[in-house]
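Printed here is protein25.cif (mmCIF, C-alpha atoms):
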```
data_coords
#
loop_
_atom_site.group_PDB
_atom_site.id
_atom_site.type_symbol
_atom_site.label_atom_id
_atom_site.label_comp_id
_atom_site.auth_asym_id
_atom_site.auth_seq_id
_atom_site.Cartn_x
_atom_site.Cartn_y
_atom_site.Cartn_z
ATOM 1 C CA MET A 1 0.567 -22.760 -11.789
ATOM 2 C CA GLU A 2 0.183 -19.045 -11.347
ATOM 3 C CA ILE A 3 -2.137 -17.446 -13.862
ATOM 4 C CA GLU A 4 -0.470 -14.667 -15.743
ATOM 5 C CA LYS A 5 -2.843 -11.740 -15.817
ATOM 6 C CA GLU A 6 -2.348 -9.068 -18.373
ATOM 7 C CA LEU A 7 -2.637 -5.779 -16.630
ATOM 8 C CA GLU A 8 -2.833 -2.792 -18.846
ATOM 9 C CA LEU A 9 -5.243 0.064 -19.226
ATOM 10 C CA CYS A 10 -4.095 2.545 -21.781
ATOM 11 C CA ILE A 11 -4.947 4.710 -24.733
ATOM 12 C CA LYS A 12 -2.937 4.309 -27.935
ATOM 13 C CA ILE A 13 -2.887 6.769 -30.802
ATOM 14 C CA ASP A 14 -1.308 5.511 -34.028
ATOM 15 C CA GLU A 15 -0.073 2.489 -32.035
ATOM 16 C CA LYS A 16 1.771 4.706 -29.577
ATOM 17 C CA VAL A 17 0.737 4.678 -25.931
ATOM 18 C CA VAL A 18 0.050 8.275 -24.993
ATOM 19 C CA ILE A 19 -1.715 7.785 -21.683
ATOM 20 C CA GLU A 20 -1.213 5.023 -19.193
ATOM 21 C CA LEU A 21 -3.856 4.979 -16.540
ATOM 22 C CA SER A 22 -4.256 2.137 -14.097
ATOM 23 C CA SER A 23 -3.555 -1.569 -14.029
ATOM 24 C CA LYS A 24 -6.424 -2.463 -11.707
ATOM 25 C CA ILE A 25 -9.912 -1.914 -13.012
ATOM 26 C CA THR A 26 -12.292 -0.362 -10.517
ATOM 27 C CA GLN A 27 -15.324 1.878 -10.952
ATOM 28 C CA GLU A 28 -13.076 4.841 -10.122
ATOM 29 C CA SER A 29 -10.520 3.908 -12.790
ATOM 30 C CA ILE A 30 -13.349 3.445 -15.305
ATOM 31 C CA VAL A 31 -14.609 6.984 -14.604
ATOM 32 C CA GLU A 32 -11.049 8.312 -14.958
ATOM 33 C CA THR A 33 -10.463 6.352 -18.179
ATOM 34 C CA ALA A 34 -13.760 7.455 -19.722
ATOM 35 C CA GLN A 35 -13.040 11.120 -18.986
ATOM 36 C CA ASN A 36 -9.542 10.789 -20.438
ATOM 37 C CA ILE A 37 -10.865 9.125 -23.578
ATOM 38 C CA LYS A 38 -13.453 11.837 -24.095
ATOM 39 C CA GLN A 39 -10.966 14.665 -23.568
ATOM 40 C CA ARG A 40 -8.336 13.072 -25.808
ATOM 41 C CA LEU A 41 -10.801 12.565 -28.654
ATOM 42 C CA ILE A 42 -12.134 16.114 -28.286
ATOM 43 C CA ASP A 43 -8.522 17.320 -28.569
ATOM 44 C CA TYR A 44 -8.272 15.388 -31.850
ATOM 45 C CA GLU A 45 -11.429 17.171 -33.039
ATOM 46 C CA LEU A 46 -13.269 13.971 -33.827
ATOM 47 C CA ASP A 47 -16.893 14.002 -34.873
ATOM 48 C CA ARG A 48 -19.031 14.436 -31.730
ATOM 49 C CA GLU A 49 -21.234 11.467 -32.607
ATOM 50 C CA LYS A 50 -18.175 9.227 -32.814
ATOM 51 C CA ILE A 51 -16.863 10.535 -29.507
ATOM 52 C CA PHE A 52 -20.186 9.701 -27.829
ATOM 53 C CA ASN A 53 -20.112 6.201 -29.308
ATOM 54 C CA VAL A 54 -16.518 5.535 -28.230
ATOM 55 C CA TYR A 55 -17.270 6.851 -24.751
ATOM 56 C CA ASP A 56 -20.409 4.698 -24.393
ATOM 57 C CA VAL A 57 -18.821 1.499 -25.703
ATOM 58 C CA SER A 58 -15.650 1.971 -23.622
ATOM 59 C CA ILE A 59 -17.694 2.189 -20.428
ATOM 60 C CA GLU A 60 -19.725 -0.913 -21.364
ATOM 61 C CA MET A 61 -16.556 -2.905 -22.069
ATOM 62 C CA LEU A 62 -14.781 -1.766 -18.914
ATOM 63 C CA GLN A 63 -17.795 -2.443 -16.709
ATOM 64 C CA ASN A 64 -18.094 -5.888 -18.245
ATOM 65 C CA ILE A 65 -14.522 -6.625 -17.158
ATOM 66 C CA LEU A 66 -15.295 -5.297 -13.689
ATOM 67 C CA LYS A 67 -18.411 -7.439 -13.324
ATOM 68 C CA TYR A 68 -17.501 -10.672 -15.056
ATOM 69 C CA SER A 69 -13.726 -11.018 -14.864
ATOM 70 C CA TYR A 70 -12.524 -14.244 -13.297
ATOM 71 C CA GLY A 71 -11.095 -13.672 -9.832
ATOM 72 C CA ASN A 72 -12.546 -10.201 -9.403
ATOM 73 C CA LYS A 73 -12.781 -9.051 -5.818
ATOM 74 C CA ILE A 74 -15.758 -7.484 -4.059
ATOM 75 C CA ASP A 75 -15.190 -5.625 -0.804
ATOM 76 C CA GLU A 76 -17.677 -5.178 2.026
ATOM 77 C CA ASP A 77 -19.063 -2.023 0.372
ATOM 78 C CA LYS A 78 -19.772 -4.089 -2.767
ATOM 79 C CA LYS A 79 -16.998 -2.293 -4.669
ATOM 80 C CA ARG A 80 -15.356 -4.487 -7.245
ATOM 81 C CA GLU A 81 -11.757 -4.714 -8.403
ATOM 82 C CA ALA A 82 -10.732 -6.751 -11.433
ATOM 83 C CA ASP A 83 -7.686 -7.518 -13.527
ATOM 84 C CA GLY A 84 -7.929 -6.897 -17.219
ATOM 85 C CA LYS A 85 -6.659 -5.027 -20.199
ATOM 86 C CA PHE A 86 -8.289 -2.263 -22.209
ATOM 87 C CA ILE A 87 -6.764 -0.543 -25.203
ATOM 88 C CA LEU A 88 -8.058 2.228 -27.418
ATOM 89 C CA ARG A 89 -6.291 2.508 -30.781
ATOM 90 C CA TYR A 90 -6.946 5.540 -32.927
ATOM 91 C CA ASP A 91 -5.748 5.779 -36.498
ATOM 92 C CA THR A 92 -5.453 9.473 -37.328
ATOM 93 C CA VAL A 93 -5.501 8.728 -41.084
ATOM 94 C CA THR A 94 -8.594 6.520 -41.343
ATOM 95 C CA LYS A 95 -10.212 8.105 -38.237
ATOM 96 C CA GLU A 96 -11.048 4.561 -37.181
ATOM 97 C CA ILE A 97 -11.067 3.720 -33.506
ATOM 98 C CA VAL A 98 -10.542 0.173 -32.269
ATOM 99 C CA LEU A 99 -11.416 -0.745 -28.701
ATOM 100 C CA CYS A 100 -9.982 -3.957 -27.341
ATOM 101 C CA SER A 101 -10.489 -5.573 -23.971
ATOM 102 C CA CYS A 102 -8.937 -8.717 -22.607
ATOM 103 C CA ASN A 103 -9.668 -10.490 -19.366
ATOM 104 C CA LEU A 104 -10.011 -13.912 -17.828
ATOM 105 C CA ILE A 105 -13.456 -15.472 -17.516
ATOM 106 C CA GLU A 106 -14.868 -18.748 -16.285
ATOM 107 C CA SER A 107 -15.120 -21.253 -19.129
ATOM 108 C CA SER A 108 -18.862 -21.595 -18.439
ATOM 109 C CA GLN A 109 -19.253 -18.042 -19.791
ATOM 110 C CA VAL A 110 -17.860 -18.875 -23.237
ATOM 111 C CA ASP A 111 -21.032 -20.292 -24.773
ATOM 112 C CA ILE A 112 -23.155 -17.520 -23.268
ATOM 113 C CA ILE A 113 -20.919 -14.833 -24.788
ATOM 114 C CA LYS A 114 -20.809 -16.610 -28.163
ATOM 115 C CA GLN A 115 -24.590 -16.838 -28.198
ATOM 116 C CA ARG A 116 -25.002 -13.165 -27.331
ATOM 117 C CA VAL A 117 -22.548 -12.023 -29.979
ATOM 118 C CA ASP A 118 -24.118 -14.359 -32.560
ATOM 119 C CA GLU A 119 -27.575 -12.920 -31.968
ATOM 120 C CA VAL A 120 -26.430 -9.365 -32.793
ATOM 121 C CA THR A 121 -24.111 -10.257 -35.677
ATOM 122 C CA GLY A 122 -25.458 -9.301 -39.078
ATOM 123 C CA LEU A 123 -28.440 -7.353 -37.752
ATOM 124 C CA ASN A 124 -29.146 -3.939 -39.214
ATOM 125 C CA GLU A 125 -29.870 -0.960 -36.977
ATOM 126 C CA LYS A 126 -33.625 -1.467 -37.043
ATOM 127 C CA GLU A 127 -33.267 -5.139 -36.108
ATOM 128 C CA LEU A 128 -30.808 -4.288 -33.341
ATOM 129 C CA ARG A 129 -33.215 -1.717 -31.900
ATOM 130 C CA LYS A 130 -35.972 -4.325 -31.944
ATOM 131 C CA LEU A 131 -33.716 -6.796 -30.134
ATOM 132 C CA LEU A 132 -32.788 -4.124 -27.594
ATOM 133 C CA ARG A 133 -36.438 -3.552 -26.797
ATOM 134 C CA VAL A 134 -36.979 -7.269 -26.282
ATOM 135 C CA LYS A 135 -33.980 -7.347 -23.957
ATOM 136 C CA MET A 136 -35.097 -4.248 -22.097
ATOM 137 C CA LYS A 137 -38.315 -6.021 -21.283
ATOM 138 C CA SER A 138 -36.496 -9.134 -20.167
ATOM 139 C CA LYS A 139 -35.994 -8.644 -16.441
ATOM 140 C CA ARG A 140 -34.585 -12.120 -16.159
ATOM 141 C CA ASP A 141 -31.701 -11.410 -18.487
ATOM 142 C CA GLY A 142 -30.975 -7.814 -17.672
ATOM 143 C CA HIS A 143 -31.126 -7.726 -13.904
ATOM 144 C CA SER A 144 -29.034 -10.739 -13.165
ATOM 145 C CA ASN A 145 -26.623 -10.503 -16.038
ATOM 146 C CA GLY A 146 -26.600 -7.351 -18.120
ATOM 147 C CA ALA A 147 -24.123 -8.530 -20.762
ATOM 148 C CA GLY A 148 -26.842 -9.539 -23.211
ATOM 149 C CA LEU A 149 -28.187 -6.026 -23.287
ATOM 150 C CA GLY A 150 -24.612 -4.732 -23.228
ATOM 151 C CA PHE A 151 -23.591 -6.534 -26.424
ATOM 152 C CA ALA A 152 -26.756 -5.387 -28.190
ATOM 153 C CA THR A 153 -26.067 -1.803 -27.069
ATOM 154 C CA ILE A 154 -22.464 -2.019 -28.269
ATOM 155 C CA ALA A 155 -23.618 -3.411 -31.613
ATOM 156 C CA THR A 156 -25.722 -0.298 -32.295
ATOM 157 C CA LYS A 157 -22.633 1.913 -32.050
ATOM 158 C CA ILE A 158 -19.971 0.077 -34.070
ATOM 159 C CA SER A 159 -19.033 -0.033 -37.746
ATOM 160 C CA LYS A 160 -17.748 -3.625 -38.050
ATOM 161 C CA PRO A 161 -18.909 -6.906 -36.489
ATOM 162 C CA ILE A 162 -17.874 -7.649 -32.912
ATOM 163 C CA ASP A 163 -14.724 -9.750 -32.860
ATOM 164 C CA ILE A 164 -14.264 -12.233 -30.010
ATOM 165 C CA GLU A 165 -11.511 -14.728 -29.191
ATOM 166 C CA PHE A 166 -11.140 -17.295 -26.448
ATOM 167 C CA LYS A 167 -7.983 -19.041 -25.321
ATOM 168 C CA GLY A 168 -7.939 -21.733 -22.639
ATOM 169 C CA ILE A 169 -5.651 -20.946 -19.717
ATOM 170 C CA LEU A 170 -6.675 -23.539 -17.131
ATOM 171 C CA LYS A 171 -9.416 -26.155 -17.015
ATOM 172 C CA ASP A 172 -12.093 -23.675 -15.960
ATOM 173 C CA VAL A 173 -10.454 -20.416 -16.957
ATOM 174 C CA VAL A 174 -10.370 -18.823 -20.390
ATOM 175 C CA LYS A 175 -8.749 -15.662 -21.714
ATOM 176 C CA PHE A 176 -11.435 -13.585 -23.436
ATOM 177 C CA LYS A 177 -10.592 -10.913 -25.985
ATOM 178 C CA LEU A 178 -13.232 -8.526 -27.312
ATOM 179 C CA GLU A 179 -12.518 -6.102 -30.129
ATOM 180 C CA VAL A 180 -14.812 -3.555 -31.760
ATOM 181 C CA THR A 181 -14.335 -0.828 -34.352
ATOM 182 C CA ILE A 182 -16.062 2.546 -34.344
ATOM 183 C CA MET B 1 -44.093 11.557 1.774
ATOM 184 C CA GLU B 2 -40.450 12.617 2.051
ATOM 185 C CA ASN B 3 -38.699 14.182 -0.906
ATOM 186 C CA ILE B 4 -35.496 12.666 -2.220
ATOM 187 C CA ASN B 5 -32.574 14.771 -3.433
ATOM 188 C CA ILE B 6 -29.431 13.025 -4.624
ATOM 189 C CA GLN B 7 -26.364 15.005 -5.618
ATOM 190 C CA LYS B 8 -24.718 14.418 -8.976
ATOM 191 C CA THR B 9 -21.406 12.534 -9.144
ATOM 192 C CA GLU B 10 -19.192 11.693 -12.114
ATOM 193 C CA ASP B 11 -21.036 8.424 -12.693
ATOM 194 C CA SER B 12 -24.468 9.047 -11.214
ATOM 195 C CA PRO B 13 -27.082 11.709 -11.879
ATOM 196 C CA LYS B 14 -28.653 14.407 -9.769
ATOM 197 C CA VAL B 15 -32.058 13.107 -8.760
ATOM 198 C CA ILE B 16 -34.971 15.243 -7.581
ATOM 199 C CA LEU B 17 -38.125 13.523 -6.361
ATOM 200 C CA ASP B 18 -40.328 16.315 -5.048
ATOM 201 C CA PHE B 19 -43.794 15.331 -3.891
ATOM 202 C CA GLU B 20 -45.113 18.876 -3.255
ATOM 203 C CA LYS B 21 -43.985 20.253 -6.603
ATOM 204 C CA GLY B 22 -44.902 17.101 -8.516
ATOM 205 C CA LEU B 23 -41.404 17.122 -9.982
ATOM 206 C CA ILE B 24 -39.291 14.111 -10.892
ATOM 207 C CA GLU B 25 -35.931 14.843 -12.464
ATOM 208 C CA PHE B 26 -32.766 12.991 -13.448
ATOM 209 C CA GLU B 27 -29.768 14.954 -14.691
ATOM 210 C CA GLY B 28 -26.233 13.939 -15.625
ATOM 211 C CA GLU B 29 -24.461 10.732 -16.517
ATOM 212 C CA CYS B 30 -25.600 7.403 -15.184
ATOM 213 C CA TYR B 31 -23.303 4.393 -15.033
ATOM 214 C CA PRO B 32 -22.918 3.582 -11.334
ATOM 215 C CA GLU B 33 -21.189 0.362 -10.396
ATOM 216 C CA ASN B 34 -24.489 -1.092 -9.292
ATOM 217 C CA ALA B 35 -27.361 0.588 -11.109
ATOM 218 C CA PHE B 36 -30.043 -1.523 -9.438
ATOM 219 C CA GLU B 37 -28.806 -0.623 -5.974
ATOM 220 C CA PHE B 38 -28.634 3.063 -6.914
ATOM 221 C CA PHE B 39 -32.191 3.081 -8.244
ATOM 222 C CA GLU B 40 -33.807 0.881 -5.594
ATOM 223 C CA PRO B 41 -34.958 3.746 -3.291
ATOM 224 C CA ILE B 42 -35.993 5.732 -6.361
ATOM 225 C CA LEU B 43 -38.187 2.912 -7.655
ATOM 226 C CA LEU B 44 -39.780 2.533 -4.216
ATOM 227 C CA TRP B 45 -40.461 6.277 -4.011
ATOM 228 C CA LEU B 46 -42.003 6.316 -7.481
ATOM 229 C CA SER B 47 -44.216 3.321 -6.698
ATOM 230 C CA ASP B 48 -45.477 5.115 -3.572
ATOM 231 C CA TYR B 49 -45.883 8.430 -5.374
ATOM 232 C CA PHE B 50 -48.079 7.039 -8.109
ATOM 233 C CA LYS B 51 -50.239 5.049 -5.708
ATOM 234 C CA ASP B 52 -53.605 6.855 -5.829
ATOM 235 C CA ASN B 53 -51.909 10.154 -6.645
ATOM 236 C CA LYS B 54 -53.356 12.012 -9.597
ATOM 237 C CA LYS B 55 -51.703 15.413 -9.111
ATOM 238 C CA GLU B 56 -50.061 17.135 -12.048
ATOM 239 C CA THR B 57 -46.556 15.777 -12.446
ATOM 240 C CA ILE B 58 -43.589 16.754 -14.571
ATOM 241 C CA VAL B 59 -40.798 14.258 -15.270
ATOM 242 C CA ASN B 60 -37.528 15.526 -16.752
ATOM 243 C CA PHE B 61 -34.915 13.138 -18.088
ATOM 244 C CA LYS B 62 -31.697 15.085 -18.754
ATOM 245 C CA LEU B 63 -29.348 12.151 -19.064
ATOM 246 C CA SER B 64 -26.315 12.723 -21.263
ATOM 247 C CA TYR B 65 -25.207 9.098 -20.984
ATOM 248 C CA PHE B 66 -26.456 5.932 -19.309
ATOM 249 C CA ASN B 67 -25.142 2.389 -19.473
ATOM 250 C CA SER B 68 -27.068 -0.736 -20.422
ATOM 251 C CA ALA B 69 -27.841 -1.619 -16.796
ATOM 252 C CA THR B 70 -29.428 1.802 -16.369
ATOM 253 C CA THR B 71 -31.435 1.306 -19.569
ATOM 254 C CA GLN B 72 -33.054 -1.677 -17.912
ATOM 255 C CA VAL B 73 -33.949 0.334 -14.812
ATOM 256 C CA LEU B 74 -35.314 3.194 -16.923
ATOM 257 C CA PHE B 75 -37.605 0.665 -18.511
ATOM 258 C CA ASP B 76 -38.819 -0.261 -15.001
ATOM 259 C CA ILE B 77 -39.423 3.426 -14.261
ATOM 260 C CA PHE B 78 -41.464 3.850 -17.435
ATOM 261 C CA ASP B 79 -43.409 0.732 -16.425
ATOM 262 C CA ILE B 80 -44.341 2.458 -13.160
ATOM 263 C CA PHE B 81 -45.504 5.551 -15.064
ATOM 264 C CA ASP B 82 -47.468 3.426 -17.505
ATOM 265 C CA GLU B 83 -49.141 1.204 -14.928
ATOM 266 C CA SER B 84 -50.179 4.218 -12.834
ATOM 267 C CA GLY B 85 -52.617 5.293 -15.553
ATOM 268 C CA HIS B 86 -51.804 8.848 -14.450
ATOM 269 C CA GLU B 87 -53.637 11.372 -16.639
ATOM 270 C CA PHE B 88 -51.663 14.487 -15.697
ATOM 271 C CA LEU B 89 -48.180 13.204 -16.310
ATOM 272 C CA GLN B 90 -45.848 15.058 -18.666
ATOM 273 C CA ILE B 91 -42.537 13.371 -19.468
ATOM 274 C CA ASN B 92 -39.794 15.473 -21.050
ATOM 275 C CA TRP B 93 -36.836 13.695 -22.600
ATOM 276 C CA PHE B 94 -33.971 16.146 -23.192
ATOM 277 C CA TYR B 95 -31.326 15.201 -25.719
ATOM 278 C CA ASP B 96 -28.116 16.697 -27.017
ATOM 279 C CA LYS B 97 -28.414 17.804 -30.636
ATOM 280 C CA ASN B 98 -25.044 16.159 -31.397
ATOM 281 C CA ASN B 99 -25.895 12.853 -29.776
ATOM 282 C CA LYS B 100 -28.294 10.838 -31.900
ATOM 283 C CA GLY B 101 -28.034 7.966 -29.431
ATOM 284 C CA THR B 102 -30.071 9.770 -26.778
ATOM 285 C CA LEU B 103 -32.697 10.707 -29.388
ATOM 286 C CA LYS B 104 -32.924 7.048 -30.424
ATOM 287 C CA ASP B 105 -33.364 6.105 -26.775
ATOM 288 C CA TYR B 106 -36.285 8.510 -26.627
ATOM 289 C CA GLU B 107 -37.785 6.841 -29.709
ATOM 290 C CA GLU B 108 -37.525 3.435 -28.018
ATOM 291 C CA PHE B 109 -39.427 4.581 -24.954
ATOM 292 C CA HIS B 110 -41.911 6.596 -26.979
ATOM 293 C CA GLU B 111 -42.765 3.605 -29.175
ATOM 294 C CA GLU B 112 -42.843 1.135 -26.317
ATOM 295 C CA PHE B 113 -45.004 3.286 -24.047
ATOM 296 C CA GLU B 114 -47.345 4.828 -26.572
ATOM 297 C CA ASP B 115 -49.989 5.726 -23.973
ATOM 298 C CA LEU B 116 -47.584 7.978 -22.096
ATOM 299 C CA ASN B 117 -47.201 11.647 -22.903
ATOM 300 C CA ILE B 118 -43.475 11.800 -23.726
ATOM 301 C CA GLN B 119 -41.928 14.645 -25.633
ATOM 302 C CA ALA B 120 -38.356 15.039 -26.876
ATOM 303 C CA ILE B 121 -36.666 18.382 -26.295
ATOM 304 C CA VAL B 122 -33.441 19.140 -28.116
ATOM 305 C CA ILE B 123 -30.825 21.258 -26.404
ATOM 306 C CA GLU B 124 -27.424 22.537 -27.515
ATOM 307 C CA GLU B 125 -25.368 20.474 -25.111
ATOM 308 C CA LEU B 126 -26.557 18.113 -22.427
#
```

What do you get writing this file as structure tokens?
Amino acid sequence: MEIEKELELCIKIDEKVVIELSSKITQESIVETAQNIKQRLIDYELDREKIFNVYDVSIEMLQNILKYSYGNKIDEDKKREADGKFILRYDTVTKEIVLCSCNLIESSQVDIIKQRVDEVTGLNEKELRKLLRVKMKSKRDGHSNGAGLGFATIATKISKPIDIEFKGILKDVVKFKLEVTI
Amino acid sequence: MENINIQKTEDSPKVILDFEKGLIEFEGECYPENAFEFFEPILLWLSDYFKDNKKETIVNFKLSYFNSATTQVLFDIFDIFDESGHEFLQINWFYDKNNKGTLKDYEEFHEEFEDLNIQAIVIEEL
């Protein structure tokens, strides 16, 4: 059975797609996407602090897809290419921005992700900063698999708890959806 | 000891490692695809530089954004500074007045490495 991969990388404003960028996620497309996000939000005259947070979290989410997506490819120059979906929704009335990513992962990653999201859920800013410092010191975690530090970093910049969903696709493959609000 | 000069790109900073001037500087955004690979020669240079070297040294961090992988490497860099016991080391952490995140990052490093001389410098736009 061929796995259907959702390929979309776009920015939506009031549910309308205004920019469609690339279907394959690479470091180059992440740079392009991040610059587009920043420029678009500057055009909408959003608070600078919010723009920084959206920019930072978008890059973390996109690089997570690039690194951990099931079936990602690495060429001889160690450049990765992954399939995944990333959407930015901006509500011009509430000024709320929702970032959503979706990609396939190995099922062995599910418990690790759940654990990492659980450990940041419900923590206040001071507690999150303390956790970040513990993770920064943890070479074991950070160097081999930066997602633990990534989730803690994301958690310091969002206004609602991290929302995650998993849906089994094949025996060892799961569709992973991550949604955050800023 | 050879100096290292790395040009800035969209996702990696300009890096100056100048032995003669005692200048270490990072400027720009930092979220390369492989942060550890990017910083490997830099970490080696810094380890060599601080080996028995007590000359006056200025370190400037002018990073407008860095990802979580880079945060980890920055921690390694601060470890090198800290373990050197260098007395004439001044670390300047520049931050954008509109970006509280980079000021909070400074606070993390300042609290964690309390023996190091780290000062935050606010600028209009980083």

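Against the coordinates shown, the PyMOL selection byres ((chain A) within 8 of (chain B)) returns Gln27, Val31, Arg48, Glu49, Phe52, Asp56, Ile59, Glu60, Gln63, Lys79, Arg129, Arg133, Met136, Lys137, Lys139, Gly142, His143, Gly146, Leu149, Gly150 and Thr153 of chain A.
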
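Across A:Lys50, A:Lys78, A:Arg116, A:Lys130, the tightest approach to A:Lys95 is made by A:Lys50 when counting all atoms listed in the file.
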
Go ahead and fit an axis-aligned box to every listed atom of stretch 71-87 of chain A plus 8 Å each side, and pass me the centre and edge lengths in Å, one decimal, as JSON.
```
{"center_x": -13.2, "center_y": -7.1, "center_z": -11.6, "size_x": 29.1, "size_y": 29.1, "size_z": 43.2}
```

- [ ] Work out how far atom CA of A:Ala155 is from atom CA of A:Thr121, in Å to one decimal.
- [x]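 The value is 8.0 Å.
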
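Remark: for A:Glu165, the closest of the candidate residues A:Ala152, A:Val110, A:Ala34, A:Leu46 is A:Val110 (distances computed over all atoms listed in the file).
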
TODO: Find the residues around A:Gly122 up to 12 Å (only C-alpha atoms counted), leave out those fewer than 3 positions away in its own chain, and share them as a list in words.
DONE: Val117, Asp118, Glu119, Glu125, Lys126, Glu127, Leu128, Ala152, Ala155, Thr156, Ile158, Ser159, Lys160, Pro161 and Ile162 of chain A

Task: Residue contacts of B:Leu103 (10 Å, all atoms listed in the file) excluding same-chain residues fewer than 5 positions away, as a count of residues only - done: 10

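Interatomic distance, atom CA of A:Leu132 against atom CA of A:Gly148: 9.2 Å.
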
TODO: Compile the contact shell of stretch 39-42 of chain A as a PyMOL selection string: residues with an atom at most 12 Å away, counting all atoms listed in the file, same-chain residues fewer than 3 positions apart removed.
DONE: chain A and resi 11-13+18-19+32-36+45-55+88-92+95-97

Open item on the list: For a quick check of understanding, using only C-alpha atoms, which of B:Phe81, B:His86, B:Glu2, B:Gly22 has the smallest distance to B:Pro41?
Closed with: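 Checking each of B:Phe81, B:His86, B:Glu2, B:Gly22 against B:Pro41, counting only C-alpha atoms, the winner is B:Glu2.
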